[in-house]
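Colleague: I'm passing along upload_32.cif; it holds mmCIF, C-alpha atoms (C1' of nucleotides).
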```
data_data
loop_
_atom_site.label_atom_id
_atom_site.label_comp_id
_atom_site.auth_asym_id
_atom_site.auth_seq_id
_atom_site.Cartn_x
_atom_site.Cartn_y
_atom_site.Cartn_z
CA MET T 18 0.00 0.00 0.00
CA GLU T 19 0.96 3.60 -0.28
CA ARG T 20 3.07 3.56 -3.40
CA ASN T 21 4.77 6.75 -4.27
CA ARG T 22 2.43 8.10 -6.86
CA PRO T 23 2.70 11.78 -7.76
CA ALA T 24 -0.08 13.44 -5.80
CA ALA T 25 -3.25 11.60 -6.56
CA PRO T 26 -5.60 9.95 -4.07
CA THR T 27 -3.15 10.54 -1.22
CA PRO T 28 -5.43 11.65 1.58
CA LEU T 29 -2.53 13.21 3.37
CA ALA T 30 -2.32 15.83 0.68
CA ASP T 31 -5.09 17.47 2.67
CA VAL T 32 -2.89 17.84 5.66
CA THR T 33 -0.67 20.17 3.75
CA LEU T 34 -3.64 22.33 2.87
CA ILE T 35 -4.06 23.43 6.42
CA GLY T 36 -0.77 24.72 7.70
CA ARG T 37 2.22 22.84 8.99
CA HIS T 38 2.44 19.10 8.53
CA THR T 39 2.48 17.27 11.81
CA GLN T 40 2.00 13.67 12.86
CA GLN T 41 -1.11 14.49 14.85
CA ARG T 42 -2.78 16.15 11.93
CA ALA T 43 -1.96 13.27 9.66
CA VAL T 44 -3.50 10.86 12.15
CA VAL T 45 -6.63 12.92 12.63
CA VAL T 46 -7.19 13.46 8.92
CA LYS T 47 -6.64 9.80 8.17
CA ALA T 48 -9.15 8.71 10.79
CA PHE T 49 -11.57 11.39 9.66
CA ILE T 50 -11.47 10.14 6.09
CA ARG T 51 -11.79 6.55 7.21
CA ALA T 52 -14.93 7.49 9.12
CA GLU T 53 -16.89 7.99 5.88
CA GLY T 54 -19.85 9.88 7.24
CA PHE T 55 -20.62 12.51 9.80
CA VAL T 56 -18.56 12.34 12.96
CA GLY T 57 -18.37 14.56 15.98
CA ALA T 58 -15.04 15.86 17.21
CA GLN T 59 -15.38 13.98 20.46
CA ALA T 60 -16.34 10.74 18.75
CA LEU T 61 -13.30 11.02 16.51
CA HIS T 62 -11.15 11.77 19.51
CA ASN T 63 -12.42 8.66 21.27
CA ARG T 64 -11.88 6.55 18.23
CA LEU T 65 -8.29 7.72 18.01
CA ALA T 66 -7.69 6.99 21.67
CA ALA T 67 -9.16 3.52 21.22
CA ASP T 68 -6.87 2.94 18.24
CA GLY T 69 -3.88 3.78 20.35
CA SER T 70 -3.20 7.13 18.71
CA PRO T 71 -3.93 9.55 21.49
CA VAL T 72 -4.27 13.06 20.13
CA GLY T 73 -5.40 16.02 22.19
CA LEU T 74 -9.05 16.94 21.93
CA SER T 75 -8.07 20.50 21.13
CA THR T 76 -6.07 19.26 18.20
CA VAL T 77 -8.98 17.27 16.85
CA TYR T 78 -11.19 20.35 17.07
CA ARG T 79 -8.55 22.53 15.46
CA THR T 80 -8.01 20.09 12.62
CA LEU T 81 -11.68 19.59 11.87
CA THR T 82 -12.56 23.26 11.87
CA ALA T 83 -9.50 23.97 9.75
CA LEU T 84 -10.64 21.39 7.22
CA ALA T 85 -14.12 22.88 7.24
CA ASP T 86 -12.71 26.37 6.75
CA ALA T 87 -10.61 25.09 3.88
CA GLY T 88 -13.73 23.66 2.32
CA ARG T 89 -12.57 20.09 2.70
CA ALA T 90 -15.34 19.17 5.11
CA ASP T 91 -19.04 19.75 5.52
CA MET T 92 -20.42 20.71 8.87
CA VAL T 93 -23.92 20.21 10.22
CA ARG T 94 -25.49 20.38 13.61
CA ASP T 95 -26.99 17.57 15.55
CA THR T 96 -30.46 18.06 17.00
CA SER T 97 -28.64 18.42 20.29
CA GLY T 98 -26.46 21.18 18.91
CA GLU T 99 -23.35 19.09 18.51
CA ARG T 100 -21.27 19.71 15.41
CA LEU T 101 -20.78 16.87 13.00
CA PHE T 102 -18.18 16.90 10.24
CA ARG T 103 -17.90 14.92 7.05
CA TYR T 104 -14.92 14.68 4.77
CA ARG T 105 -15.53 16.07 1.31
CA PRO T 106 -13.26 14.53 -1.34
CA GLY T 107 -14.23 16.76 -4.24
CA PRO T 108 -14.78 20.49 -4.47
CA ASP T 109 -18.55 20.15 -4.76
CA HIS T 110 -20.94 21.55 -2.28
CA ARG T 111 -23.36 18.79 -1.28
CA HIS T 112 -26.34 18.07 0.89
CA TYR T 113 -27.07 14.85 2.70
CA LEU T 114 -29.82 12.77 4.12
CA LEU T 115 -28.85 11.95 7.65
CA CYS T 116 -30.48 9.10 9.56
CA THR T 117 -31.43 10.20 13.04
CA GLU T 118 -31.12 6.66 14.36
CA CYS T 119 -27.86 5.24 13.07
CA GLY T 120 -26.11 8.25 11.60
CA LEU T 121 -26.00 6.80 8.09
CA SER T 122 -25.63 9.57 5.57
CA ARG T 123 -26.31 9.61 1.89
CA PRO T 124 -25.72 12.45 -0.53
CA VAL T 125 -28.76 13.67 -2.41
CA ASP T 126 -29.23 15.54 -5.65
CA SER T 127 -29.23 19.12 -4.53
CA GLY T 128 -29.50 20.86 -7.88
CA PRO T 129 -32.96 22.28 -7.21
CA VAL T 130 -32.03 23.76 -3.85
CA GLU T 131 -28.92 25.31 -5.27
CA ASP T 132 -30.95 26.94 -7.99
CA TRP T 133 -33.49 28.12 -5.49
CA ALA T 134 -30.81 29.56 -3.22
CA ASP T 135 -29.28 31.33 -6.19
CA THR T 136 -32.61 32.84 -7.11
CA ILE T 137 -33.19 34.06 -3.59
CA ALA T 138 -29.73 35.52 -3.52
CA ARG T 139 -30.31 37.38 -6.77
CA THR T 140 -33.77 38.71 -5.96
CA SER T 141 -33.50 39.52 -2.28
CA GLY T 142 -31.03 42.35 -2.28
CA PHE T 143 -29.19 40.51 0.44
CA ALA T 144 -25.50 40.05 -0.15
CA ASN T 145 -23.43 36.97 0.28
CA VAL T 146 -26.19 34.43 0.81
CA ARG T 147 -25.05 31.14 2.20
CA HIS T 148 -27.29 28.19 2.86
CA THR T 149 -27.44 25.17 5.05
CA VAL T 150 -29.87 22.40 4.40
CA GLU T 151 -30.42 19.46 6.63
CA LEU T 152 -32.64 16.55 5.86
CA SER T 153 -33.05 14.12 8.67
CA GLU T 154 -35.07 11.01 8.95
CA VAL T 155 -34.96 7.32 9.55
CA CYS T 156 -33.19 5.20 6.98
CA PRO T 157 -34.81 2.08 5.50
CA ASP T 158 -32.94 -0.29 7.81
CA CYS T 159 -33.73 1.52 11.03
CA GLY T 160 -37.30 2.04 9.86
CA ARG T 161 -37.72 -1.68 9.40
CA GLN T 162 -36.28 -2.47 12.80
CA ARG T 163 -38.43 0.12 14.44
CA ALA T 164 -41.59 -1.25 12.82
CA THR T 165 -40.68 -4.71 14.07
CA ALA T 166 -40.03 -3.44 17.55
CA GLU T 167 -43.41 -1.76 17.64
CA HIS T 168 -45.13 -5.01 16.77
CA ARG T 169 -44.02 -6.92 19.86
CA MET V 19 -54.23 49.42 29.16
CA GLU V 20 -55.57 45.89 29.12
CA ARG V 21 -59.29 46.40 28.63
CA ASN V 22 -61.41 43.38 29.10
CA ARG V 23 -62.13 42.38 25.53
CA PRO V 24 -63.63 38.94 24.87
CA ALA V 25 -61.02 36.72 23.25
CA ALA V 26 -60.27 37.90 19.76
CA PRO V 27 -56.78 38.58 18.34
CA THR V 28 -55.57 37.99 21.84
CA PRO V 29 -52.11 36.53 21.43
CA LEU V 30 -52.53 34.99 24.81
CA ALA V 31 -54.61 32.30 23.23
CA ASP V 32 -51.25 30.74 22.59
CA VAL V 33 -50.53 30.53 26.23
CA THR V 34 -53.37 28.15 26.71
CA LEU V 35 -51.94 25.89 24.04
CA ILE V 36 -49.03 24.98 26.19
CA GLY V 37 -50.34 23.82 29.52
CA ARG V 38 -51.47 25.84 32.45
CA HIS V 39 -52.10 29.55 32.13
CA THR V 40 -49.79 31.60 34.28
CA GLN V 41 -48.76 35.22 34.41
CA GLN V 42 -45.16 34.46 33.56
CA ARG V 43 -46.07 32.56 30.45
CA ALA V 44 -48.37 35.32 29.32
CA VAL V 45 -45.59 37.85 29.74
CA VAL V 46 -43.05 35.75 27.90
CA VAL V 47 -45.37 34.97 25.01
CA LYS V 48 -46.40 38.60 24.69
CA ALA V 49 -42.80 39.78 24.56
CA PHE V 50 -41.92 36.99 22.18
CA ILE V 51 -44.64 38.02 19.76
CA ARG V 52 -43.70 41.65 20.08
CA ALA V 53 -40.14 40.76 19.14
CA GLU V 54 -41.14 40.06 15.53
CA GLY V 55 -38.13 38.15 14.38
CA PHE V 56 -35.66 35.68 15.71
CA VAL V 57 -34.72 36.07 19.36
CA GLY V 58 -32.58 34.02 21.65
CA ALA V 59 -33.93 32.89 24.99
CA GLN V 60 -31.37 34.95 26.84
CA ALA V 61 -32.05 38.06 24.80
CA LEU V 62 -35.74 37.73 25.52
CA HIS V 63 -34.97 37.22 29.17
CA ASN V 64 -32.90 40.40 29.24
CA ARG V 65 -35.56 42.33 27.44
CA LEU V 66 -38.13 41.24 30.00
CA ALA V 67 -35.88 42.22 32.86
CA ALA V 68 -35.32 45.63 31.29
CA ASP V 69 -39.08 46.07 30.91
CA GLY V 70 -39.53 45.44 34.58
CA SER V 71 -41.09 41.99 34.16
CA PRO V 72 -38.48 39.76 35.68
CA VAL V 73 -39.13 36.16 34.73
CA GLY V 74 -36.79 33.31 35.45
CA LEU V 75 -34.49 32.29 32.65
CA SER V 76 -35.63 28.70 33.06
CA THR V 77 -39.18 29.80 32.45
CA VAL V 78 -38.22 31.62 29.28
CA TYR V 79 -36.49 28.51 28.02
CA ARG V 80 -39.40 26.32 28.97
CA THR V 81 -41.91 28.58 27.30
CA LEU V 82 -39.98 28.94 24.07
CA THR V 83 -39.28 25.26 23.65
CA ALA V 84 -42.89 24.50 24.50
CA LEU V 85 -44.05 26.88 21.79
CA ALA V 86 -41.63 25.31 19.34
CA ASP V 87 -42.84 21.84 20.26
CA ALA V 88 -46.41 22.98 19.78
CA GLY V 89 -45.48 24.24 16.33
CA ARG V 90 -46.09 27.86 17.23
CA ALA V 91 -42.48 28.88 16.79
CA ASP V 92 -39.65 28.24 14.37
CA MET V 93 -36.23 27.44 15.68
CA VAL V 94 -32.88 27.94 13.98
CA ARG V 95 -29.34 27.95 15.13
CA ASP V 96 -26.96 30.84 15.22
CA THR V 97 -23.54 30.37 13.68
CA SER V 98 -22.36 30.14 17.26
CA GLY V 99 -24.82 27.38 18.01
CA GLU V 100 -27.23 29.51 19.97
CA ARG V 101 -30.90 28.79 19.43
CA LEU V 102 -33.06 31.52 17.99
CA PHE V 103 -36.85 31.39 18.03
CA ARG V 104 -39.42 33.16 15.96
CA TYR V 105 -43.13 33.34 16.58
CA ARG V 106 -45.21 31.70 13.88
CA PRO V 107 -48.72 33.16 13.66
CA GLY V 108 -50.12 30.79 11.06
CA PRO V 109 -49.76 27.05 10.63
CA ASP V 110 -47.43 27.35 7.65
CA HIS V 111 -43.96 26.02 7.61
CA ARG V 112 -41.62 28.75 6.42
CA HIS V 113 -38.00 29.51 5.72
CA TYR V 114 -36.24 32.78 6.32
CA LEU V 115 -33.35 34.87 5.23
CA LEU V 116 -31.46 35.83 8.34
CA CYS V 117 -28.99 38.71 8.40
CA THR V 118 -25.80 37.72 10.15
CA GLU V 119 -25.10 41.29 11.18
CA CYS V 120 -28.30 42.71 12.58
CA GLY V 121 -30.57 39.70 12.93
CA LEU V 122 -33.19 41.05 10.54
CA SER V 123 -35.23 38.19 9.16
CA ARG V 124 -37.42 38.01 6.13
CA PRO V 125 -39.53 35.08 4.98
CA VAL V 126 -38.75 33.74 1.53
CA ASP V 127 -40.75 31.76 -0.98
CA SER V 128 -39.90 28.21 -0.07
CA GLY V 129 -42.11 26.36 -2.51
CA PRO V 130 -39.23 24.95 -4.54
CA VAL V 131 -37.42 23.58 -1.51
CA GLU V 132 -40.59 22.02 -0.19
CA ASP V 133 -41.13 20.29 -3.50
CA TRP V 134 -37.55 19.16 -3.57
CA ALA V 135 -37.75 17.82 -0.05
CA ASP V 136 -40.91 15.97 -0.93
CA THR V 137 -39.27 14.40 -3.94
CA ILE V 138 -36.31 13.28 -1.90
CA ALA V 139 -38.63 11.85 0.70
CA ARG V 140 -40.52 9.90 -1.91
CA THR V 141 -37.53 8.55 -3.80
CA SER V 142 -35.04 7.86 -1.05
CA GLY V 143 -36.73 5.06 0.82
CA PHE V 144 -36.07 7.03 3.95
CA ALA V 145 -39.04 7.51 6.20
CA ASN V 146 -40.21 10.62 7.89
CA VAL V 147 -37.97 13.14 6.17
CA ARG V 148 -37.77 16.48 7.87
CA HIS V 149 -35.79 19.41 6.63
CA THR V 150 -34.12 22.48 7.98
CA VAL V 151 -32.97 25.23 5.70
CA GLU V 152 -31.01 28.20 6.77
CA LEU V 153 -30.09 31.09 4.56
CA SER V 154 -27.80 33.59 6.11
CA GLU V 155 -26.22 36.69 4.76
CA VAL V 156 -25.92 40.39 5.09
CA CYS V 157 -29.05 42.45 4.53
CA PRO V 158 -29.05 45.49 2.23
CA ASP V 159 -28.69 47.97 5.09
CA CYS V 160 -25.80 46.27 6.79
CA GLY V 161 -24.14 45.63 3.46
CA ARG V 162 -24.26 49.34 2.69
CA GLN V 163 -22.83 50.28 6.04
CA ARG V 164 -20.11 47.72 5.72
CA ALA V 165 -19.12 49.02 2.28
CA THR V 166 -18.93 52.53 3.70
CA ALA V 167 -16.83 51.41 6.59
CA GLU V 168 -14.39 49.70 4.29
CA HIS V 169 -13.89 52.90 2.33
CA ARG V 170 -12.57 54.94 5.21
"C1'" DC Z 13 22.73 21.95 13.46
"C1'" DG Z 14 20.19 26.01 15.44
"C1'" DC Z 15 16.32 28.90 15.36
"C1'" DT Z 16 11.62 30.35 15.54
"C1'" DA Z 17 6.90 30.60 14.01
"C1'" DG Z 18 3.57 27.54 14.35
"C1'" DA Z 19 1.57 23.34 16.69
"C1'" DT Z 20 0.39 20.52 20.72
"C1'" DG Z 21 -2.19 19.01 24.95
"C1'" DG Z 22 -4.56 19.10 29.09
"C1'" DG Z 23 -6.67 21.57 32.30
"C1'" DA Z 24 -9.22 25.51 33.24
"C1'" DA Z 25 -12.69 28.71 31.39
"C1'" DT Z 26 -16.88 29.75 28.81
"C1'" DG Z 27 -21.50 29.93 27.76
"C1'" DA Z 28 -25.78 28.13 26.39
"C1'" DT Z 29 -29.05 25.00 27.98
"C1'" DT Z 30 -30.97 21.65 31.43
"C1'" DT Z 31 -31.91 19.84 35.82
"C1'" DT Z 32 -33.12 20.10 40.59
"C1'" DC Z 33 -36.18 20.89 44.15
"C1'" DA Z 34 -38.43 23.66 47.65
"C1'" DG Z 35 -41.85 26.80 47.66
"C1'" DA Z 36 -45.56 29.43 45.07
"C1'" DT Z 37 -49.78 29.07 42.06
"C1'" DC Z 38 -53.43 27.36 39.61
"C1'" DA Z 39 -58.09 25.39 38.99
"C1'" DA Z 40 -61.25 21.98 39.96
"C1'" DT Z 41 -64.02 20.51 43.79
"C1'" DG Z 42 -66.45 20.26 48.33
"C1'" DC G 4 -64.82 30.60 50.04
"C1'" DA G 5 -61.46 26.92 51.61
"C1'" DT G 6 -59.06 22.74 50.39
"C1'" DT G 7 -55.92 20.17 47.82
"C1'" DG G 8 -53.16 17.92 44.51
"C1'" DA G 9 -51.12 18.79 40.21
"C1'" DT G 10 -48.39 22.00 37.90
"C1'" DC G 11 -45.36 25.83 37.54
"C1'" DT G 12 -41.61 28.87 38.99
"C1'" DG G 13 -36.89 30.41 39.83
"C1'" DA G 14 -32.25 30.44 41.85
"C1'" DA G 15 -28.58 27.84 41.92
"C1'" DA G 16 -26.07 23.81 40.61
"C1'" DA G 17 -25.08 20.56 36.96
"C1'" DT G 18 -24.06 19.41 31.97
"C1'" DC G 19 -21.60 19.43 28.03
"C1'" DA G 20 -19.63 20.84 23.73
"C1'" DT G 21 -16.35 23.93 22.51
"C1'" DT G 22 -12.65 27.36 23.19
"C1'" DC G 23 -8.87 29.43 25.57
"C1'" DC G 24 -4.39 29.51 27.89
"C1'" DC G 25 0.22 28.61 28.05
"C1'" DA G 26 4.27 25.97 28.96
"C1'" DT G 27 6.36 22.86 26.06
"C1'" DC G 28 7.50 20.75 21.60
"C1'" DT G 29 8.85 20.44 16.53
"C1'" DA G 30 8.62 21.26 11.58
"C1'" DG G 31 11.34 23.00 8.28
"C1'" DC G 32 14.09 26.98 6.65
"C1'" DG G 33 18.75 28.94 6.56
#
```
In structure tokens, what does this structure look like?
Modeller:
Amino acid sequence: MERNRPAAPTPLADVTLIGRHTQQRAVVVKAFIRAEGFVGAQALHNRLAADGSPVGLSTVYRTLTALADAGRADMVRDTSGERLFRYRPGPDHRHYLLCTECGLSRPVDSGPVEDWADTIARTSGFANVRHTVELSEVCPDCGRQRATAEHR
Amino acid sequence: MERNRPAAPTPLADVTLIGRHTQQRAVVVKAFIRAEGFVGAQALHNRLAADGSPVGLSTVYRTLTALADAGRADMVRDTSGERLFRYRPGPDHRHYLLCTECGLSRPVDSGPVEDWADTIARTSGFANVRHTVELSEVCPDCGRQRATAEHR
DNA sequence: CGCTAGATGGGAATGATTTTCAGATCAATG
DNA sequence: CATTGATCTGAAAATCATTCCCATCTAGCG
């Protein structure tokens, strides 16, 4: 693994996008990418500790917000107010369906909302419109389980 | 002030929607409605104190979340994570443009997003899709002021 | 190799929200 | 009108995610 290709799917390339390259950052980014879905800073921190790569909580926070600022991560808020981050491989701005039971996330076609947001931005007189869209629900799997549970 | 009218456009009707009718609740709801826009629980609490109607912060929180649960208020989150509430006179679900500088809010036509959300709900296999949309920016007034400031 | 701006970590600080619980209030009833 | 049990209130303490502080490290340039 990890041949020395030029600069292609190397996830660590992201580390260099956010300041100095340090071991901790590399570890955090790697784990973050491996997570494949929305993760909270604390959850990621725990995961790292469990994997035997203790990294300070502050560092996890710093790294995640830096990635978000650099546009390499999406950020949403839990119903409880907790921040969840998701690694974004490409440059596209996306929206996701997020299961409130198991955390499973799935990207959805957001073309229509983007268009709508653009229209609002153009017609409102407001400057610099940014949007956040959150769709939350229960995914097919959890829905099935829940239905079963309710039958007992 | 406070004649004894029957029970017409009395905003206090809302108070009865959320449990027992008490003076504190009446005061909070009245101030909340008067606010006409998004307010934080703490801000409302301060405003009440300034108006000489001291009500416990806990009570303000309880009242606002109760209204939100009853569908009489919309709730969004500040960039800082703080919860902001807005009184909702009718039964309609709405979305707003929220100025990040002065807090001014303005409802926007959300038909397209609603349709989009419905489509997603129908095609995703996910059950019970709910959506949150936040548009934030700088309103015309603040934008003008900011431009001026930058010129000095 | 030596230097220094930038990075780390862990413990304390912050700040919004929630909980606790004793005492005050409501509203239905006798 | 008085009683009474359920509900509500509020001050203070508890929570909890996130940020700040700062003494200590370490990339990475010269």
Colleague: Which chain T residues are at most 8 Å from chain Z (counting all atoms listed in the file), as a ChimeraX atom specification?
Modeller: /T:37,39,72-76
Colleague: In Å, rounded to a single decimal, give me how far atom CA of T:Leu81 is from atom CA of T:Val45.
Modeller: 8.4 Å
Colleague: Distance atom CA of T:Val46-atom CA of T:Thr80, one decimal place?
Modeller: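 Atom CA of T:Thr80 lies at a distance of 7.6 Å from atom CA of T:Val46.
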Colleague: Suppose you want the space between atom CA of T:Pro124 and atom CA of V:Trp134; what is it in Å?
Modeller: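 Computing it gives 13.9 Å between the two atoms.
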Colleague: Which residues of chain G are close to chain V, meaning at most 12 Å apart when you count all atoms listed in the file, and how do they look as a ChimeraX atom specification?
Modeller: /G:9-15,20-22
Colleague: Since we have the selection now, will you write its residues out, keeping C-alpha atoms (C1' of nucleotides), as a PDB file, in the coordinates of the input?
Modeller:
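The resulting file, again_39.pdb, is reproduced below:
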```pdb
ATOM      1  C1'  DA G   9     -51.120  18.790  40.210  1.00  0.00           C
ATOM      2  C1'  DT G  10     -48.390  22.000  37.900  1.00  0.00           C
ATOM      3  C1'  DC G  11     -45.360  25.830  37.540  1.00  0.00           C
ATOM      4  C1'  DT G  12     -41.610  28.870  38.990  1.00  0.00           C
ATOM      5  C1'  DG G  13     -36.890  30.410  39.830  1.00  0.00           C
ATOM      6  C1'  DA G  14     -32.250  30.440  41.850  1.00  0.00           C
ATOM      7  C1'  DA G  15     -28.580  27.840  41.920  1.00  0.00           C
ATOM      8  C1'  DA G  20     -19.630  20.840  23.730  1.00  0.00           C
ATOM      9  C1'  DT G  21     -16.350  23.930  22.510  1.00  0.00           C
ATOM     10  C1'  DT G  22     -12.650  27.360  23.190  1.00  0.00           C
TER      11       DT G  22
END
```
Colleague: Please list as a PyMOL selection string every residue within 8 Å of stretch 89-94 of chain V, counting all atoms listed in the file and excluding residues in the same chain fewer than 3 positions away.
Modeller: chain V and resi 32+82+85-86+101-109+152
Colleague: Give me the box for stretch 18-23 of chain G as lines of an AutoDock Vina configuration file, namely the centre and edge lengths in Å to one decimal of a box along x, y and z that holds every listed atom plus 5 Å on each side.
Modeller:
```
center_x = -16.5
center_y = 24.4
center_z = 27.2
size_x = 25.2
size_y = 20.0
size_z = 19.5
```
Colleague: Name all residues at most 10 Å from T:Glu131 (count all atoms listed in the file; drop same-chain ones fewer than 4 positions away) and give them as a list in words.
Modeller: His110, Arg111, His112, Asp126, Ser127, Asp135, Thr136, Ile137 and His148 of chain T; Val131 of chain V
Colleague: To test your reading of the syntax: which residues would the PyMOL selection byres ((chain V) within 9 of (chain T)) return for the file shown? Reply as JSON, numbers by chain.
Modeller: {"V": [95, 99, 100, 101, 115, 117, 126, 127, 128, 130, 131, 134, 135, 138, 142, 143, 144, 145, 146, 147, 148, 149, 150, 151, 152, 153, 154, 155, 156, 157, 158, 159, 161]}
Colleague: Step by step, work through what the PyMOL selection byres ((chain T and resi 52-61) around 7) selects in the shown file, and finish by giving those residues as a list in words.
Modeller: Ala48, Phe49, Ile50, Arg51, His62, Asn63, Arg64, Leu65, Val77, Tyr78, Arg100, Leu101, Phe102, Arg103, Leu121 and Ser122 of chain T
Colleague: Emit stretch 31-42 of chain Z of the structure in the block as a file comprising N, CA, C and O atoms (P, O5', C5', C4', C3', O3' and C1' of nucleotides), as a JSON list (two decimals), in the first residue's frame.
Modeller:
```json
[["chain", "number", "residue", "atom", "x", "y", "z"],
["Z", 31, "DT", "P", -33.16, 18.15, 31.02],
["Z", 31, "DT", "O5'", -32.75, 18.22, 32.56],
["Z", 31, "DT", "C5'", -31.42, 17.90, 32.92],
["Z", 31, "DT", "C4'", -31.22, 18.12, 34.41],
["Z", 31, "DT", "C3'", -32.37, 17.57, 35.27],
["Z", 31, "DT", "O3'", -31.78, 16.80, 36.31],
["Z", 31, "DT", "C1'", -31.91, 19.84, 35.82],
["Z", 32, "DT", "P", -32.73, 15.94, 37.28],
["Z", 32, "DT", "O5'", -32.64, 16.77, 38.63],
["Z", 32, "DT", "C5'", -31.51, 17.59, 38.86],
["Z", 32, "DT", "C4'", -31.65, 18.32, 40.19],
["Z", 32, "DT", "C3'", -32.78, 17.81, 41.08],
["Z", 32, "DT", "O3'", -32.33, 17.88, 42.43],
["Z", 32, "DT", "C1'", -33.12, 20.10, 40.59],
["Z", 33, "DC", "P", -33.00, 16.91, 43.52],
["Z", 33, "DC", "O5'", -33.89, 17.94, 44.35],
["Z", 33, "DC", "C5'", -33.27, 19.12, 44.87],
["Z", 33, "DC", "C4'", -34.32, 20.12, 45.31],
["Z", 33, "DC", "C3'", -35.59, 19.44, 45.87],
["Z", 33, "DC", "O3'", -36.10, 20.28, 46.91],
["Z", 33, "DC", "C1'", -36.18, 20.89, 44.15],
["Z", 34, "DA", "P", -36.40, 19.60, 48.36],
["Z", 34, "DA", "O5'", -36.70, 20.90, 49.23],
["Z", 34, "DA", "C5'", -35.79, 22.00, 49.20],
["Z", 34, "DA", "C4'", -36.58, 23.30, 49.05],
["Z", 34, "DA", "C3'", -37.84, 23.38, 49.91],
["Z", 34, "DA", "O3'", -37.98, 24.71, 50.40],
["Z", 34, "DA", "C1'", -38.43, 23.66, 47.65],
["Z", 35, "DG", "P", -39.08, 25.06, 51.50],
["Z", 35, "DG", "O5'", -39.99, 26.13, 50.77],
["Z", 35, "DG", "C5'", -39.36, 27.24, 50.13],
["Z", 35, "DG", "C4'", -40.30, 27.79, 49.07],
["Z", 35, "DG", "C3'", -41.71, 28.12, 49.58],
["Z", 35, "DG", "O3'", -42.07, 29.39, 49.06],
["Z", 35, "DG", "C1'", -41.85, 26.80, 47.66],
["Z", 36, "DA", "P", -43.42, 30.07, 49.51],
["Z", 36, "DA", "O5'", -44.12, 30.40, 48.12],
["Z", 36, "DA", "C5'", -43.36, 31.13, 47.15],
["Z", 36, "DA", "C4'", -44.11, 31.11, 45.83],
["Z", 36, "DA", "C3'", -45.53, 31.64, 45.91],
["Z", 36, "DA", "O3'", -45.79, 32.41, 44.74],
["Z", 36, "DA", "C1'", -45.56, 29.43, 45.07],
["Z", 37, "DT", "P", -47.10, 33.29, 44.68],
["Z", 37, "DT", "O5'", -47.81, 32.68, 43.40],
["Z", 37, "DT", "C5'", -47.66, 31.28, 43.16],
["Z", 37, "DT", "C4'", -48.37, 30.93, 41.88],
["Z", 37, "DT", "C3'", -49.81, 31.42, 41.81],
["Z", 37, "DT", "O3'", -50.13, 31.60, 40.44],
["Z", 37, "DT", "C1'", -49.78, 29.07, 42.06],
["Z", 38, "DC", "P", -51.52, 32.14, 40.02],
["Z", 38, "DC", "O5'", -52.22, 30.79, 39.59],
["Z", 38, "DC", "C5'", -52.17, 30.40, 38.25],
["Z", 38, "DC", "C4'", -52.65, 28.96, 38.14],
["Z", 38, "DC", "C3'", -54.16, 28.87, 37.92],
["Z", 38, "DC", "O3'", -54.37, 28.20, 36.70],
["Z", 38, "DC", "C1'", -53.43, 27.36, 39.61],
["Z", 39, "DA", "P", -55.71, 28.53, 35.94],
["Z", 39, "DA", "O5'", -56.61, 27.33, 36.45],
["Z", 39, "DA", "C5'", -56.18, 25.99, 36.21],
["Z", 39, "DA", "C4'", -57.15, 25.05, 36.88],
["Z", 39, "DA", "C3'", -58.62, 25.46, 36.75],
["Z", 39, "DA", "O3'", -59.39, 24.29, 36.80],
["Z", 39, "DA", "C1'", -58.09, 25.39, 38.99],
["Z", 40, "DA", "P", -60.56, 24.06, 35.77],
["Z", 40, "DA", "O5'", -61.18, 22.68, 36.27],
["Z", 40, "DA", "C5'", -60.28, 21.63, 36.59],
["Z", 40, "DA", "C4'", -60.66, 21.01, 37.92],
["Z", 40, "DA", "C3'", -62.18, 20.85, 38.11],
["Z", 40, "DA", "O3'", -62.45, 19.56, 38.64],
["Z", 40, "DA", "C1'", -61.25, 21.98, 39.96],
["Z", 41, "DT", "P", -64.03, 19.09, 38.79],
["Z", 41, "DT", "O5'", -64.05, 18.49, 40.26],
["Z", 41, "DT", "C5'", -62.89, 18.60, 41.06],
["Z", 41, "DT", "C4'", -63.25, 18.69, 42.53],
["Z", 41, "DT", "C3'", -64.73, 18.46, 42.87],
["Z", 41, "DT", "O3'", -64.81, 17.63, 44.02],
["Z", 41, "DT", "C1'", -64.02, 20.51, 43.79],
["Z", 42, "DG", "P", -66.25, 17.12, 44.57],
["Z", 42, "DG", "O5'", -66.28, 17.66, 46.07],
["Z", 42, "DG", "C5'", -65.16, 17.41, 46.93],
["Z", 42, "DG", "C4'", -65.35, 18.17, 48.22],
["Z", 42, "DG", "C3'", -66.74, 17.96, 48.85],
["Z", 42, "DG", "O3'", -66.62, 17.99, 50.27],
["Z", 42, "DG", "C1'", -66.45, 20.26, 48.33]]
```
